[in-house]
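S.K.: Here you go, my_file_18.pdb (PDB, C-alpha atoms, pLDDT in the B column):
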ATOM      1  CA  MET N1409     -51.250   0.248 -46.493  1.00 86.00           C
ATOM      2  CA  GLN N1410     -52.094   2.667 -43.722  1.00 94.00           C
ATOM      3  CA  ALA N1411     -54.957   5.076 -43.101  1.00 95.00           C
ATOM      4  CA  VAL N1412     -54.197   8.776 -42.791  1.00 95.00           C
ATOM      5  CA  PHE N1413     -56.903  11.204 -41.639  1.00 96.00           C
ATOM      6  CA  ARG N1414     -56.779  14.746 -42.945  1.00 94.00           C
ATOM      7  CA  PRO N1415     -57.187  17.224 -40.071  1.00 94.00           C
ATOM      8  CA  GLU N1416     -60.683  18.201 -41.221  1.00 93.00           C
ATOM      9  CA  ALA N1417     -61.798  14.555 -41.234  1.00 94.00           C
ATOM     10  CA  GLN N1418     -60.303  14.008 -37.785  1.00 96.00           C
ATOM     11  CA  ILE N1419     -62.243  16.997 -36.440  1.00 95.00           C
ATOM     12  CA  GLU N1420     -65.497  15.715 -37.989  1.00 95.00           C
ATOM     13  CA  LEU N1421     -64.891  12.303 -36.437  1.00 96.00           C
ATOM     14  CA  LEU N1422     -64.135  13.648 -32.962  1.00 97.00           C
ATOM     15  CA  GLU N1423     -67.116  16.018 -33.000  1.00 96.00           C
ATOM     16  CA  ALA N1424     -69.486  13.222 -34.030  1.00 97.00           C
ATOM     17  CA  GLN N1425     -68.048  10.894 -31.393  1.00 97.00           C
ATOM     18  CA  ALA N1426     -68.500  13.562 -28.703  1.00 98.00           C
ATOM     19  CA  TRP N1427     -72.083  14.198 -29.865  1.00 97.00           C
ATOM     20  CA  TYR N1428     -72.981  10.511 -29.578  1.00 97.00           C
ATOM     21  CA  GLU N1429     -71.252  10.189 -26.204  1.00 97.00           C
ATOM     22  CA  ALA N1430     -73.210  13.180 -24.885  1.00 97.00           C
ATOM     23  CA  ARG N1431     -76.451  11.473 -25.917  1.00 97.00           C
ATOM     24  CA  SER N1432     -75.683   8.188 -24.190  1.00 97.00           C
ATOM     25  CA  PRO N1433     -72.545   7.068 -22.336  1.00 96.00           C
ATOM     26  CA  GLY N1434     -70.742   4.448 -24.391  1.00 97.00           C
ATOM     27  CA  LEU N1435     -72.433   5.385 -27.664  1.00 97.00           C
ATOM     28  CA  GLY N1436     -69.444   7.495 -28.688  1.00 97.00           C
ATOM     29  CA  PHE N1437     -67.243   4.421 -28.280  1.00 97.00           C
ATOM     30  CA  GLU N1438     -69.648   2.363 -30.415  1.00 98.00           C
ATOM     31  CA  PHE N1439     -69.543   5.071 -33.071  1.00 97.00           C
ATOM     32  CA  ALA N1440     -65.734   5.049 -33.041  1.00 97.00           C
ATOM     33  CA  ARG N1441     -65.756   1.260 -33.424  1.00 97.00           C
ATOM     34  CA  ALA N1442     -68.123   1.488 -36.402  1.00 98.00           C
ATOM     35  CA  ILE N1443     -65.888   4.071 -38.072  1.00 97.00           C
ATOM     36  CA  ASP N1444     -62.800   1.979 -37.361  1.00 97.00           C
ATOM     37  CA  ALA N1445     -64.499  -1.055 -38.931  1.00 97.00           C
ATOM     38  CA  ALA N1446     -65.403   0.980 -42.026  1.00 97.00           C
ATOM     39  CA  VAL N1447     -61.814   2.175 -42.391  1.00 97.00           C
ATOM     40  CA  THR N1448     -60.566  -1.400 -41.965  1.00 96.00           C
ATOM     41  CA  ARG N1449     -62.910  -2.598 -44.719  1.00 96.00           C
ATOM     42  CA  ALA N1450     -61.624   0.159 -46.997  1.00 96.00           C
ATOM     43  CA  LEU N1451     -58.017  -0.737 -46.200  1.00 96.00           C
ATOM     44  CA  ARG N1452     -58.616  -4.377 -47.134  1.00 95.00           C
ATOM     45  CA  THR N1453     -60.242  -3.693 -50.505  1.00 94.00           C
ATOM     46  CA  PRO N1454     -60.031   0.034 -51.267  1.00 94.00           C
ATOM     47  CA  LEU N1455     -61.082  -0.134 -54.908  1.00 93.00           C
ATOM     48  CA  THR N1456     -64.275  -2.126 -54.356  1.00 94.00           C
ATOM     49  CA  PHE N1457     -66.263   0.705 -52.797  1.00 95.00           C
ATOM     50  CA  PRO N1458     -68.276   3.148 -54.928  1.00 93.00           C
ATOM     51  CA  ARG N1459     -66.557   6.106 -56.515  1.00 93.00           C
ATOM     52  CA  ILE N1460     -68.390   9.339 -55.754  1.00 90.00           C
ATOM     53  CA  GLU N1461     -66.245  12.098 -57.254  1.00 84.00           C
ATOM     54  CA  ALA N1462     -63.085  11.823 -59.356  1.00 85.00           C
ATOM     55  CA  GLU N1463     -60.795   9.455 -57.447  1.00 89.00           C
ATOM     56  CA  PHE N1464     -62.724   9.613 -54.166  1.00 93.00           C
ATOM     57  CA  ARG N1465     -64.670   6.647 -52.833  1.00 95.00           C
ATOM     58  CA  HIS N1466     -66.856   6.063 -49.798  1.00 94.00           C
ATOM     59  CA  VAL N1467     -67.622   3.273 -47.378  1.00 96.00           C
ATOM     60  CA  ALA N1468     -70.651   3.451 -45.095  1.00 96.00           C
ATOM     61  CA  ALA N1469     -70.381   2.856 -41.369  1.00 96.00           C
ATOM     62  CA  ARG N1470     -72.696   0.226 -39.987  1.00 95.00           C
ATOM     63  CA  LYS N1471     -75.455   1.296 -37.558  1.00 95.00           C
ATOM     64  CA  PHE N1472     -74.642   5.020 -37.920  1.00 97.00           C
ATOM     65  CA  PRO N1473     -75.569   7.446 -40.722  1.00 96.00           C
ATOM     66  CA  TYR N1474     -71.948   8.199 -41.635  1.00 96.00           C
ATOM     67  CA  SER N1475     -69.595   7.381 -44.470  1.00 95.00           C
ATOM     68  CA  ILE N1476     -65.840   7.576 -44.690  1.00 96.00           C
ATOM     69  CA  ILE N1477     -64.777   9.364 -47.861  1.00 94.00           C
ATOM     70  CA  TYR N1478     -61.259   8.538 -48.978  1.00 96.00           C
ATOM     71  CA  ASP N1479     -58.677   8.492 -51.727  1.00 94.00           C
ATOM     72  CA  ALA N1480     -56.531   5.382 -51.971  1.00 93.00           C
ATOM     73  CA  SER N1481     -53.026   5.075 -53.338  1.00 88.00           C
ATOM     74  CA  GLU N1482     -50.749   2.048 -53.231  1.00 86.00           C
ATOM     75  CA  SER N1483     -49.258   3.092 -49.901  1.00 92.00           C
ATOM     76  CA  GLU N1484     -52.022   4.900 -48.031  1.00 94.00           C
ATOM     77  CA  LEU N1485     -55.710   5.520 -47.686  1.00 96.00           C
ATOM     78  CA  VAL N1486     -56.304   9.241 -47.145  1.00 95.00           C
ATOM     79  CA  VAL N1487     -59.573   9.920 -45.315  1.00 96.00           C
ATOM     80  CA  VAL N1488     -60.872  13.336 -46.350  1.00 94.00           C
ATOM     81  CA  SER N1489     -64.231  13.300 -44.548  1.00 93.00           C
ATOM     82  CA  CYS N1490     -66.275  11.562 -41.891  1.00 94.00           C
ATOM     83  CA  PHE N1491     -69.512  12.460 -43.618  1.00 91.00           C
ATOM     84  CA  HIS N1492     -72.991  12.489 -42.049  1.00 92.00           C
ATOM     85  CA  HIS N1493     -75.604  11.342 -44.556  1.00 86.00           C
ATOM     86  CA  SER N1494     -77.942  14.268 -43.890  1.00 85.00           C
ATOM     87  CA  ARG N1495     -75.362  16.862 -44.936  1.00 73.00           C
ATOM     88  CA  ARG N1496     -75.582  18.495 -48.342  1.00 69.00           C
ATOM     89  CA  PRO N1497     -74.056  16.138 -50.927  1.00 64.00           C
ATOM     90  CA  GLY N1498     -70.703  17.409 -52.098  1.00 63.00           C
ATOM     91  CA  SER N1499     -70.104  19.580 -49.033  1.00 58.00           C
ATOM     92  CA  TRP N1500     -67.210  17.278 -48.128  1.00 61.00           C
ATOM     93  CA  LEU N1501     -65.311  18.632 -51.155  1.00 62.00           C
ATOM     94  CA  ARG N1502     -64.347  21.707 -49.140  1.00 65.00           C
ATOM     95  CA  ASN N1503     -62.054  19.390 -47.128  1.00 65.00           C
ATOM     96  CA  VAL N1504     -60.216  18.522 -50.336  1.00 68.00           C
ATOM     97  CA  ARG N1505     -59.828  22.075 -51.573  1.00 59.00           C
ATOM     98  CA  THR N1506     -58.219  23.442 -48.397  1.00 50.00           C
TER      99      THR N1506
END
Have the structure of the file written as structure tokens, please.
M.R.:
Amino acid sequence: MQAVFRPEAQIELLEAQAWYEARSPGLGFEFARAIDAAVTRALRTPLTFPRIEAEFRHVAARKFPYSIIYDASESELVVVSCFHHSRRPGSWLRNVRT
């Protein structure tokens, strides 16, 4: 199984990483590592994480207020959002509808 980031999710990830890096050098790298670890956990056991809407599930990043929202099939894990926990719940759905 492989992870595939939708363009919207990739943009969210890069913007968050840049924000953290601007706050403290090296923090952006730590954020990227936390996101990578969350994606790896989801790849290992994609169906064990909570379902949040229809077929979409989420896995929380450690140490950062972000979750990876994804849809898993047998061959790939499609990341639809790198979601900050303070955003309006459900706002990530716009990434699915585009």
S.K.: Please compute the CA of His1493 in chain N-CA of Tyr1474 in chain N distance, one decimal, in Å.
M.R.: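 Rounded to one decimal, the two atoms are 5.6 Å apart.
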S.K.: Need to verify the contact set: Gly1436 in chain N, 10 Å, all atoms listed in the file, exclusion of same-chain residues closer than 5 positions in sequence. Can you return it as an MDAnalysis selection string?
M.R.: chainID N and resid 1422:1431 1441:1442
S.K.: Atoms to include: C-alpha atoms. Write the selected residues as a tab-separated table (two decimals), in the coordinates of the input.
M.R.:
chain	number	residue	atom	x	y	z
N	1422	LEU	CA	-64.14	13.65	-32.96
N	1423	GLU	CA	-67.12	16.02	-33.00
N	1424	ALA	CA	-69.49	13.22	-34.03
N	1425	GLN	CA	-68.05	10.89	-31.39
N	1426	ALA	CA	-68.50	13.56	-28.70
N	1427	TRP	CA	-72.08	14.20	-29.86
N	1428	TYR	CA	-72.98	10.51	-29.58
N	1429	GLU	CA	-71.25	10.19	-26.20
N	1430	ALA	CA	-73.21	13.18	-24.88
N	1431	ARG	CA	-76.45	11.47	-25.92
N	1441	ARG	CA	-65.76	1.26	-33.42
N	1442	ALA	CA	-68.12	1.49	-36.40
S.K.: Enumerate, as a PyMOL selection string, the residues matched when the PyMOL selection byres ((chain N and resi 1486) around 9) is run on the file above.
M.R.: chain N and resi 1410-1414+1477-1481+1484-1485+1487-1488
S.K.: Quick one, how far is CA of Pro1433 in chain N from CA of Pro1415 in chain N?
M.R.: 25.6 Å
S.K.: Please, what distance in Å, to one decimal, runs between CA of Ala1445 in chain N and CA of Arg1470 in chain N?
M.R.: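 These two atoms are separated by 8.4 Å.
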S.K.: As a PyMOL selection string, please: the residues near range 1448-1451 of chain N (cut-off 7 Å, only C-alpha atoms, same-chain neighbours under 2 positions excluded).
M.R.: chain N and resi 1409+1444-1446+1453-1454+1467+1485
S.K.: Given all atoms listed in the file as the basis, pick out the residue of N:Ala1417, N:Arg1452, N:Phe1437, N:Phe1457 nearest to His1492 in chain N.
M.R.: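 Selected residue with least distance to His1492 in chain N: N:Ala1417.
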S.K.: Can you work out which one of N:Ser1483, N:Ser1475, N:Thr1456, N:Ser1489 has the shortest atom-to-atom distance to Gln1418 in chain N, counting all atoms listed in the file?
M.R.: N:Ser1489
